[in-house]
Amino acid sequence: MSPLDTRVPAVLLRIDRNPFHHGTLGAVRSLGRAGVEVHVVADSARSPVHTSRYVHRMHSPPLPGASPDDIAVVLRRVADHIARPAVLVPMDDASAIAVGRMRDELAPSYLLPTTPGTLPERVADKAELAAVCASADVPHPLTLIPDSPARAADDARRLGLPLVAKWSRPWLLPAGSDLRSTVLVRSVQQAQELYLRTEEAGSRLLLQEYLPPGEDRDWFFHGYADHSGTVRAGGPGRKQLAWPRGAGLTAVGCWTPNAQVQALAERLTGALGYRGILDLDFRRCGATGRYHLLDFNPRPGAQFRLFADSAGLDVVRALHLDLTGRPLPDGAPRAGRAFVVENYAPLAALRPAPGGRELAWYARDDRAPGWAMWAMWSRHVARRLRERLGPTAAAPAPRLIPRATSPSLTDNEKASS
């Protein structure tokens with residue numbers, strides 16, 4: 001018998017059009033294997049997710065850049081189709097922010113955590129995050145917000161080069177532009193040129209101290225803050241391999257106990273009164289040894305399935321159990337367990353994993369998404385190579401560290417201050 005209330009379906013919402021978002025597939029499998037009817041509101045034309053045996057139905061998503069009203073229309077249409085309350089799981093920042101704003105409007109069609117409606121937007125905003133960390137006494141890289149090109153130059157000199165430039169609300173970046181959420185800046189002129197694109201970007205430019213990556217420096221924490229505020233499920237993990245290397249998404253991660261990271265995550269959620277799923281990124285400073293919070297994502301991280309404990313509990317199942325009034329089982333952490341994204345780390349997927357391992361795409365009980373991913377990935381890589389080697393290829397651009405939700409070879413990097 002499933003520990004989840006299988007009478008209550010789940011709706012996964014993703015506005016971002018990333019076809020290689022393996023976190024969505026992880027949520028589909030986690031809930032579907034427990035017997036929950038899973039509806040996915042996301043782009044299906046270019047995604048392997050729709051081939052999963054655990055998807056009950058795909059629904060057309062809102063357009064990129066959709067207004068909250070447009071998103072509400074889509075969610076009401078899905079709710080009318082399901083015709084009973086469902087647990088709603090936002091899978092990207094734009095979705096989490098929109099759902100937070102509309103929480104009262106979406107009830108009672110959808111079950112949602114009781115976190116304050118503006119809090120997801122506040123923690124996802126990279127300018128606000130610095131103040132949030134200061135109020136909770138959580139280390140955060142020194143961040144400056146210039147108000148003119150001249151100030152951008154002064155701030156760049158104060159921080160020193162290289163530095164990190166971020167747009168405070170990356171979900172507002174126009175689709176199809178060459179703007180990326182985070183850029184490694186190597187000159188004062190580059191910082192000024194970025195500032196001049198503020199209006200196009202739709203949010204403020206931040207200049208931030210750069211903490212270099214290194215062995216054992218990149219960490220993440222996934223958890224679920226239940227109705228009482230207790231952080232359940234999840235845990236701390238160490239990023240063993242990133243794509244792109246040094247500053248990207250987690251290609252290989254390991255469940256690794258870390259009391260300092262755990263304490264910082266619990267301190268932050270407690271100070272904020274946060275409820276729901278969270279994904280935090282930390283980097284340890286090589287000089288001081290302190291863990292600095294780089295990002296607070298108010299939704300599941302793509303590698304959340306790393307933290308499936310001995311009772312099968314992960315953050316998505318914890319959400320469903322808590323919102324349907326069911327107890328969360330007490331499982332033991334599976335320290336040493338690995339998570340591998342095969343298209344970014346194919347060799348790691350073939351090595352022995354004594355602590356256990358979960359692959360992002362391949363699963364014995366659900367093989368079709370893995371096959372579809374490799375077919376799509378091959379076409380994707382071939383297209384990128386043609387673009388780079390073609391006669392009209394542009395000159396090499398500055399190194400980018402873009403949005404983690406972006407699907408391209410260079411567009412999956414986490415903000416790596």
# chains A, B, ... in the order shown; residues from 1 in each chain; ligands from 1

$ residues_around --residues "region 135-150 of chain A" --least-positions-apart "2" --cutoff "10 Å" --atoms "only C-alpha atoms" --output "PyMOL selection string"
chain A and resi 126-127+129-133+152-156+158-159+164-166+168+188-189+191-196+198+204-211+263-265+267-272+282-285+290-295+417

$ residues_around --residues "Leu88 (chain A)" --least-positions-apart "6" --cutoff "7 Å" --atoms "only C-alpha atoms" --output "list in words"
Ala10, Val11, Leu12, Tyr110, Leu111 and Leu112 of chain A

$ select_by_dssp --residues "region 104-331 of chain A" --states "strand (DSSP E or B)" --output "PyMOL selection string"
chain A and resi 110-111+143-144+163-167+182-185+205-208+218-225+231-243+248-255+276-284+291-297

$ select_by_dssp --residues "region 211-370 of chain A" --states "alpha helix (DSSP H)" --output "list in words"
Ala259, Gln260, Val261, Gln262, Ala263, Leu264, Ala265, Glu266, Arg267, Leu268, Thr269, Gly270, Ala271, Leu272, Val315, Val316, Arg317, Ala318, Leu319, His320, Leu321, Asp322, Leu323, Ala368, Pro369 and Gly370 of chain A

$ residues_around --residues "Pro300 (chain A)" --least-positions-apart "5" --cutoff "8 Å" --atoms "only C-alpha atoms" --output "list in words"
Gly23, Pro90, Met91, Asp92, His222, Ile277, Leu278, Asp279, Val315 and Val316 of chain A

$ closest_residue --among "A:Ser44, A:Gly160, A:Gly65, A:Arg14" --to "Gly176 (chain A)" --atoms "only C-alpha atoms"
A:Gly65

$ atom_distance --atom1 "CA of Val89 (chain A)" --atom2 "CA of Val74 (chain A)"
14.4 Å

$ residues_around --residues "Pro174 (chain A)" --least-positions-apart "2" --cutoff "12 Å" --atoms "only C-alpha atoms" --output "list in words"
Asp16, Pro64, Gly65, Ala66, Trp167, Arg169, Pro170, Trp171, Leu172, Gly176, Ser177, Asp178, Leu179, Arg180, Ser181, Arg197, Thr198, Glu199, Glu200, Ala201, Gly202 and Ser203 of chain A

$ atom_distance --atom1 "CA of Arg151 (chain A)" --atom2 "CA of Asp125 (chain A)"
21.3 Å

$ residues_around --residues "region 93-98 of chain A" --least-positions-apart "3" --cutoff "9 Å" --atoms "only C-alpha atoms" --output "MDAnalysis selection string"
chainID A and resid 13:16 65 67:68 71:72 89:90 101:103 117:122 124 171:172 297:299 405

$ residues_around --residues "Ala338 (chain A)" --least-positions-apart "5" --cutoff "8 Å" --atoms "only C-alpha atoms" --output "list in words"
Val252, Gly253, Cys254, Trp255, Leu306, Ala353, Gly355, Gly356, Arg357 and Glu358 of chain A

$ residues_around --residues "Ala302 (chain A)" --least-positions-apart "4" --cutoff "8 Å" --atoms "only C-alpha atoms" --output "number ranges by chain"
A: 21-24, 26

$ write_last_selection --atoms "N, CA and C atoms" --output "short mmCIF file (atom, residue, chain, number, x, y, z; two decimals), in the first residue's frame"
data_model
loop_
_atom_site.label_atom_id
_atom_site.label_comp_id
_atom_site.auth_asym_id
_atom_site.auth_seq_id
_atom_site.Cartn_x
_atom_site.Cartn_y
_atom_site.Cartn_z
N HIS A 21 15.31 19.19 -18.74
CA HIS A 21 15.12 19.40 -17.30
C HIS A 21 14.81 18.05 -16.64
N HIS A 22 15.86 17.40 -16.15
CA HIS A 22 15.68 16.06 -15.58
C HIS A 22 14.96 16.09 -14.24
N GLY A 23 14.92 17.25 -13.58
CA GLY A 23 14.19 17.33 -12.31
C GLY A 23 12.70 17.08 -12.49
N THR A 24 12.14 17.52 -13.61
CA THR A 24 10.72 17.27 -13.87
C THR A 24 10.47 15.78 -14.01
N GLY A 26 12.25 13.43 -12.66
CA GLY A 26 12.39 12.86 -11.32
C GLY A 26 11.12 12.99 -10.50
#

$ atom_distance --atom1 "CA of Ser310 (chain A)" --atom2 "CA of Ala332 (chain A)"
5.2 Å

$ decode --residues "region 180-256 of chain A" --atoms "C-alpha atoms" --output "tab-separated table (two decimals), in the first residue's frame"
chain	number	residue	atom	x	y	z
A	180	ARG	CA	22.38	35.38	-19.22
A	181	SER	CA	21.49	35.40	-15.57
A	182	THR	CA	25.11	35.34	-14.43
A	183	VAL	CA	28.35	36.35	-16.14
A	184	LEU	CA	31.96	36.12	-15.03
A	185	VAL	CA	33.24	39.67	-15.62
A	186	ARG	CA	36.93	40.16	-16.39
A	187	SER	CA	37.11	43.89	-17.15
A	188	VAL	CA	35.70	47.20	-15.93
A	189	GLN	CA	34.42	47.91	-19.43
A	190	GLN	CA	32.45	44.65	-19.45
A	191	ALA	CA	30.75	45.63	-16.17
A	192	GLN	CA	29.76	49.01	-17.64
A	193	GLU	CA	28.43	47.45	-20.85
A	194	LEU	CA	26.25	45.08	-18.83
A	195	TYR	CA	24.84	47.94	-16.78
A	196	LEU	CA	23.78	49.71	-19.99
A	197	ARG	CA	21.51	46.73	-20.74
A	198	THR	CA	19.55	47.03	-17.49
A	199	GLU	CA	16.33	48.13	-19.14
A	200	GLU	CA	16.51	45.24	-21.61
A	201	ALA	CA	17.15	42.76	-18.78
A	202	GLY	CA	14.12	43.90	-16.80
A	203	SER	CA	15.80	43.92	-13.39
A	204	ARG	CA	18.77	45.36	-11.53
A	205	LEU	CA	22.39	44.43	-12.19
A	206	LEU	CA	24.36	43.09	-9.24
A	207	LEU	CA	28.14	42.94	-9.02
A	208	GLN	CA	29.37	40.32	-6.60
A	209	GLU	CA	32.59	39.08	-5.08
A	210	TYR	CA	33.89	36.00	-6.88
A	211	LEU	CA	34.60	32.95	-4.75
A	212	PRO	CA	36.69	30.58	-6.88
A	213	PRO	CA	35.51	26.97	-7.18
A	214	GLY	CA	37.71	24.19	-5.92
A	215	GLU	CA	37.75	20.69	-4.53
A	216	ASP	CA	35.13	20.19	-1.82
A	217	ARG	CA	33.89	23.79	-2.11
A	218	ASP	CA	30.54	23.45	-3.90
A	219	TRP	CA	27.61	22.21	-1.83
A	220	PHE	CA	23.84	22.15	-2.02
A	221	PHE	CA	21.00	21.50	0.37
A	222	HIS	CA	17.55	20.20	-0.47
A	223	GLY	CA	14.74	20.03	2.03
A	224	TYR	CA	11.05	20.35	2.74
A	225	ALA	CA	9.85	22.70	5.49
A	226	ASP	CA	6.59	21.15	6.71
A	227	HIS	CA	3.50	22.87	8.14
A	228	SER	CA	5.27	23.28	11.50
A	229	GLY	CA	8.44	24.69	9.94
A	230	THR	CA	10.50	21.56	10.59
A	231	VAL	CA	12.89	20.76	7.75
A	232	ARG	CA	12.27	17.20	6.62
A	233	ALA	CA	13.52	14.97	3.81
A	234	GLY	CA	16.55	16.01	1.76
A	235	GLY	CA	19.91	16.90	3.23
A	236	PRO	CA	23.31	18.32	2.28
A	237	GLY	CA	25.15	17.17	-0.82
A	238	ARG	CA	28.52	17.79	-2.39
A	239	LYS	CA	28.88	18.71	-6.04
A	240	GLN	CA	31.57	16.40	-7.38
A	241	LEU	CA	31.30	17.40	-11.03
A	242	ALA	CA	29.63	20.40	-12.63
A	243	TRP	CA	28.58	21.07	-16.19
A	244	PRO	CA	30.16	23.27	-17.41
A	245	ARG	CA	33.13	22.47	-15.19
A	246	GLY	CA	33.76	24.66	-12.19
A	247	ALA	CA	30.51	26.58	-12.10
A	248	GLY	CA	27.64	24.64	-13.61
A	249	LEU	CA	24.72	22.49	-12.59
A	250	THR	CA	25.34	19.28	-10.69
A	251	ALA	CA	26.40	16.58	-13.15
A	252	VAL	CA	27.59	14.30	-10.34
A	253	GLY	CA	26.57	14.80	-6.73
A	254	CYS	CA	26.94	12.81	-3.52
A	255	TRP	CA	24.81	12.77	-0.37
A	256	THR	CA	27.40	13.95	2.17
